[in-house]
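**Q** First, the structure itself, so that you have it in front of you.
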Amino acid sequence: MDDKHGALYGLKFHPFRPDVPVSALHVEPALRSFLFRVEQQLPDGGFVAISGAPGSGKSAALRVLSERLDALKDVQVGVLTRPQSNNADFYRELGHLFGVTLSPHNRWAGSKVLRERWLEHIDQTRTRPVLIIDEAQEMKPPVLAELRLLSSMNLDARALLTVVLAGDDRLSAKFRTAELLPVASRIRNHLQLGHREPELLQKMLSHLLDEAGRPDLITDAVQHALCVHAAGNPRTLTTMADNLLSHVYEHELEVIDEQTYFDVFQIQPEPTTPQPDPRTKRKRRAA
């Protein structure tokens with residue numbers, strides 16, 4: 001939130017941008033349950049997944065999960081930034097994340113060093129390191145297969161990592177292919193994000209405004225209209241609200257009201273049907 005917006009509206013931060021503080025994100029019941037299950041899975045490791053359509057809240061869920069894991073004692077979290085890499089670059093980034101020097105052209109030696117590092121961490125902390133991969137639908141099937149083999153030992157009886165895969169519906173489609181069924185079958189917890197009802201979007205929007213310090217910034221009628229017309233998508237909701245905030249800032253208006261909504265989205269208010277004068281009716285009956 002820039003100083004001008006903050007001074008004009010008393011906002012602690014811009015409530016409709018992707019970089020809102022994690023504390024301002026609304027943790028809905030499904031996400032809260034998922035977070036609990038992932039924490040319970042850390043001593044054993046394995047795969048978990050977050051999937052959903054674009055704008056359904058995957059990145060927000062990952063941010064909440066990452067902060068929750070970072071706050072836990074002895075949990076090491078690495079975030080893969082190039083899911084589209086080939087196997088060689090995948091090994092290079094793993095080495096960087098977990099503090100080991102790897103030779104991508106000697107994959108056997110690289111896997112040995114990584115696994116030794118992970119086993120050392122497990123012996124010391126009794127918990128698995130965590131690897132978070134956003135946009136996992138971009139991962140090449142051979143790389144996902146390599147990760148599956150790399151992160152398990154003892155004939156697949158012991159997992160060395162907790163792997164969080166997050167992606168859009170293409171990831172779910174990949175899981176149904178024959179070459180990735182072995183990965184899909186190992187997913188122990190799966191958060192599927194989809195269409196949100198207006199009531200849930202209303203809770204998300206109210207939470208954002210409360211955390212930003214201006215619960216009265218948007219009138220109740222406009223909040224309702226936004227949630228009804230956001231097509232059940234949180235990103236669509238915040239994008240529309242961002243357009244409204246930009247408009248009131250440009251025109252130095254105090255709040256986002258119904259007229260602002262009509263002006264920004266070029267909606268004409270429904271005309272009010274004139275009611276007949278009851279005196280006219282009586283005159284007609286008399287005639």
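Scheme for the structure tokens: letters A, B, ... for chains in order shown; per-chain residue numbers from 1; ligand numbers from 1 in order shown.
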Looking only at alpha helix (DSSP H) from DSSP on the backbone, list the matching residues of range 3-242 of chain A as a ChimeraX atom specification.

**A** /A:3-9,29-41,58-70,87-97,107-125,141-150,169-175,181-184,198-212,220-228,234-242

**Q** Using C-alpha atoms, can you write the selected residues to a file as a JSON list (two decimals), in the first residue's frame?

**A**
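File produced: again_24.json:
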[["chain", "number", "residue", "atom", "x", "y", "z"],
["A", 3, "ASP", "CA", 1.48, 6.26, 1.44],
["A", 4, "LYS", "CA", -1.12, 8.17, -0.59],
["A", 5, "HIS", "CA", -3.65, 5.37, -0.39],
["A", 6, "GLY", "CA", -2.90, 4.84, 3.28],
["A", 7, "ALA", "CA", -3.26, 8.51, 4.12],
["A", 8, "LEU", "CA", -6.49, 8.90, 2.17],
["A", 9, "TYR", "CA", -8.27, 5.76, 3.34],
["A", 29, "PRO", "CA", -12.31, -24.56, 6.98],
["A", 30, "ALA", "CA", -11.05, -26.78, 4.13],
["A", 31, "LEU", "CA", -7.63, -25.10, 4.20],
["A", 32, "ARG", "CA", -7.45, -25.24, 8.00],
["A", 33, "SER", "CA", -8.09, -28.98, 7.91],
["A", 34, "PHE", "CA", -5.48, -29.45, 5.16],
["A", 35, "LEU", "CA", -2.85, -27.55, 7.16],
["A", 36, "PHE", "CA", -3.47, -29.77, 10.17],
["A", 37, "ARG", "CA", -3.15, -32.94, 8.11],
["A", 38, "VAL", "CA", 0.11, -31.79, 6.51],
["A", 39, "GLU", "CA", 1.61, -31.05, 9.94],
["A", 40, "GLN", "CA", 0.62, -34.55, 11.07],
["A", 41, "GLN", "CA", 2.31, -35.98, 7.97],
["A", 58, "LYS", "CA", -3.62, -22.00, -4.60],
["A", 59, "SER", "CA", -0.85, -19.43, -4.11],
["A", 60, "ALA", "CA", -2.57, -18.01, -1.04],
["A", 61, "ALA", "CA", -2.89, -21.52, 0.41],
["A", 62, "LEU", "CA", 0.81, -22.14, -0.27],
["A", 63, "ARG", "CA", 1.78, -18.90, 1.46],
["A", 64, "VAL", "CA", -0.23, -19.85, 4.55],
["A", 65, "LEU", "CA", 1.25, -23.36, 4.51],
["A", 66, "SER", "CA", 4.81, -22.11, 4.07],
["A", 67, "GLU", "CA", 4.52, -19.65, 6.95],
["A", 68, "ARG", "CA", 2.95, -22.32, 9.15],
["A", 69, "LEU", "CA", 5.79, -24.75, 8.40],
["A", 70, "ASP", "CA", 8.49, -22.09, 8.87],
["A", 87, "ASN", "CA", 16.53, -33.31, -14.71],
["A", 88, "ALA", "CA", 19.98, -31.71, -14.72],
["A", 89, "ASP", "CA", 18.71, -28.26, -13.66],
["A", 90, "PHE", "CA", 16.31, -29.90, -11.21],
["A", 91, "TYR", "CA", 19.28, -31.50, -9.43],
["A", 92, "ARG", "CA", 21.18, -28.20, -9.45],
["A", 93, "GLU", "CA", 18.31, -26.41, -7.73],
["A", 94, "LEU", "CA", 17.83, -29.20, -5.19],
["A", 95, "GLY", "CA", 21.51, -28.94, -4.32],
["A", 96, "HIS", "CA", 21.15, -25.19, -3.85],
["A", 97, "LEU", "CA", 18.04, -25.55, -1.67],
["A", 107, "ARG", "CA", 22.94, -38.40, -11.07],
["A", 108, "TRP", "CA", 23.73, -41.43, -8.94],
["A", 109, "ALA", "CA", 26.34, -39.51, -6.91],
["A", 110, "GLY", "CA", 23.98, -36.53, -6.66],
["A", 111, "SER", "CA", 21.12, -38.62, -5.38],
["A", 112, "LYS", "CA", 23.44, -40.28, -2.85],
["A", 113, "VAL", "CA", 24.61, -36.94, -1.42],
["A", 114, "LEU", "CA", 21.06, -35.53, -1.26],
["A", 115, "ARG", "CA", 19.67, -38.59, 0.44],
["A", 116, "GLU", "CA", 22.49, -38.57, 2.98],
["A", 117, "ARG", "CA", 21.71, -34.92, 3.77],
["A", 118, "TRP", "CA", 18.01, -35.67, 4.20],
["A", 119, "LEU", "CA", 18.70, -38.72, 6.37],
["A", 120, "GLU", "CA", 20.98, -36.63, 8.57],
["A", 121, "HIS", "CA", 18.20, -34.07, 9.01],
["A", 122, "ILE", "CA", 15.68, -36.81, 9.83],
["A", 123, "ASP", "CA", 17.97, -38.39, 12.42],
["A", 124, "GLN", "CA", 18.51, -35.04, 14.12],
["A", 125, "THR", "CA", 14.94, -33.70, 14.05],
["A", 141, "PRO", "CA", 6.85, -36.26, -16.22],
["A", 142, "PRO", "CA", 10.44, -37.64, -16.14],
["A", 143, "VAL", "CA", 11.34, -35.03, -13.48],
["A", 144, "LEU", "CA", 8.33, -35.93, -11.35],
["A", 145, "ALA", "CA", 9.24, -39.58, -11.70],
["A", 146, "GLU", "CA", 12.83, -38.78, -10.69],
["A", 147, "LEU", "CA", 11.56, -36.92, -7.61],
["A", 148, "ARG", "CA", 9.40, -39.89, -6.64],
["A", 149, "LEU", "CA", 12.34, -42.27, -6.81],
["A", 150, "LEU", "CA", 14.78, -39.84, -5.21],
["A", 169, "ASP", "CA", -6.33, -28.49, -13.35],
["A", 170, "ARG", "CA", -3.61, -29.60, -15.78],
["A", 171, "LEU", "CA", -1.79, -31.13, -12.80],
["A", 172, "SER", "CA", -4.84, -33.21, -11.92],
["A", 173, "ALA", "CA", -5.04, -34.31, -15.57],
["A", 174, "LYS", "CA", -1.37, -35.33, -15.49],
["A", 175, "PHE", "CA", -2.00, -37.46, -12.42],
["A", 181, "LEU", "CA", -0.14, -42.77, -11.68],
["A", 182, "PRO", "CA", 2.69, -43.89, -9.35],
["A", 183, "VAL", "CA", 2.96, -40.28, -8.12],
["A", 184, "ALA", "CA", -0.80, -39.79, -7.88],
["A", 198, "PRO", "CA", -20.99, -15.95, -2.43],
["A", 199, "GLU", "CA", -21.25, -16.45, 1.34],
["A", 200, "LEU", "CA", -17.67, -17.72, 1.55],
["A", 201, "LEU", "CA", -16.39, -14.95, -0.74],
["A", 202, "GLN", "CA", -18.15, -12.49, 1.57],
["A", 203, "LYS", "CA", -16.18, -13.86, 4.53],
["A", 204, "MET", "CA", -12.93, -13.54, 2.56],
["A", 205, "LEU", "CA", -13.68, -9.95, 1.57],
["A", 206, "SER", "CA", -14.77, -8.93, 5.06],
["A", 207, "HIS", "CA", -11.63, -10.47, 6.54],
["A", 208, "LEU", "CA", -9.40, -8.56, 4.11],
["A", 209, "LEU", "CA", -11.10, -5.25, 4.91],
["A", 210, "ASP", "CA", -10.97, -5.88, 8.67],
["A", 211, "GLU", "CA", -7.28, -6.74, 8.56],
["A", 212, "ALA", "CA", -6.57, -3.67, 6.41],
["A", 220, "ASP", "CA", -22.69, -3.83, 2.30],
["A", 221, "ALA", "CA", -24.66, -3.67, -0.95],
["A", 222, "VAL", "CA", -21.52, -3.43, -3.06],
["A", 223, "GLN", "CA", -19.82, -6.22, -1.12],
["A", 224, "HIS", "CA", -22.80, -8.42, -1.87],
["A", 225, "ALA", "CA", -22.77, -7.47, -5.56],
["A", 226, "LEU", "CA", -19.05, -8.22, -5.85],
["A", 227, "CYS", "CA", -19.40, -11.65, -4.27],
["A", 228, "VAL", "CA", -22.39, -12.56, -6.44],
["A", 234, "PRO", "CA", -11.34, -15.21, -5.30],
["A", 235, "ARG", "CA", -8.97, -13.60, -7.82],
["A", 236, "THR", "CA", -11.89, -12.24, -9.83],
["A", 237, "LEU", "CA", -13.34, -10.83, -6.61],
["A", 238, "THR", "CA", -10.16, -8.99, -5.60],
["A", 239, "THR", "CA", -9.55, -7.75, -9.16],
["A", 240, "MET", "CA", -13.00, -6.19, -9.27],
["A", 241, "ALA", "CA", -12.51, -4.66, -5.82],
["A", 242, "ASP", "CA", -9.12, -3.30, -6.90]]

**Q** If you run DSSP over the backbone, which residues in range 93-186 of chain A end up strand (DSSP E)? Put them as number ranges by chain.

**A** A: 130-133, 152-153, 158-159, 162-167

**Q** Counting only C-alpha atoms, which of A:Gly78, A:Ile132, A:Arg214, A:Glu250 gets nearest to Phe13 in chain A?

**A** A:Arg214

**Q** Which is closest to Gly232 in chain A among A:Leu80, A:Ala24, A:Leu102, A:Ala53, if we use only C-alpha atoms?

**A**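 Going through A:Leu80, A:Ala24, A:Leu102, A:Ala53 one by one, the smallest distance to Gly232 in chain A is for A:Ala53.
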